[in-house]
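First up is the structure itself, then whatever we jot down about it.
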Amino acid sequence: ARRGAGGGRGGRSTSRSSNTEEIPISDGLPFRYNCVDTILTNPPFGTKQNAGIDIAFLRAATRMASRAVYSFHKSSTRAYLVKRVKEWGYDVEVVAQMKYDIPKVYKFHTQDSVDVEVDLIRVIIS
């Protein structure tokens, strides 16, 4: 799998990936590349005030995992998400589809609760 393409907001630190290429660490997390086998993440949905944060979480997870990343995302973003992950050089698959009930917790929520279609995706690192 390829490392270092796309994602991030810049940065000055670097780390050496498994293919010995110098790659900037731009996610701000003090963890080295491939420091764990598998990551399971439930990032905030990348909508409204958090546009793009789901991609940032997923990108950081792919940097730190050596085997696989499992991550929850809104099903409506599936095509975009799969495209981005493939641009990074990884294989990706939807391993589960479900509905998640989100209760009204923020002022911008207009309903008492809403069911959101959610995918559990698997990004294959190696």
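Please note that chains go A, B, ... in the order of the structure tokens, that every chain numbers its residues from 1, and that ligands are numbered from 1 in the order shown.
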
Polymer residues at most 9 Å from range 39-45 of chain A, only C-alpha atoms, same-chain spacing of 2 or more positions, as a PyMOL selection string: chain A and resi 36-37+47-48+50-58+61-62+64-65+67-74

Got a sec: who's within 8 Å of Ile102 in chain A, counting only C-alpha atoms, leaving out chain neighbours fewer than 3 positions off, as a list in words?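 Counting only C-alpha atoms, the residues come to Ser113, Val114, Asp115 and Val116 of chain A.
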
When DSSP is applied to the backbone of this structure, which of range 75-116 of chain A are assigned helix (DSSP H, G or I)? Write them out as a ChimeraX atom specification. /A:75-87

CA of Thr77 in chain A and CA of Lys99 in chain A, how far apart in Å?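 Distance between the two atoms: 14.4 Å.
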
Between CA of Tyr106 in chain A and CA of Val82 in chain A, what is the spacing in Å?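 These atoms are spaced 28.8 Å apart.
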
Restricting the calculation to only C-alpha atoms: of A:Lys104, A:Trp88, A:Thr110, A:Gln97, which residue gets closest to Val123 in chain A?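 Closest to Val123 in chain A, using only C-alpha atoms: A:Trp88.
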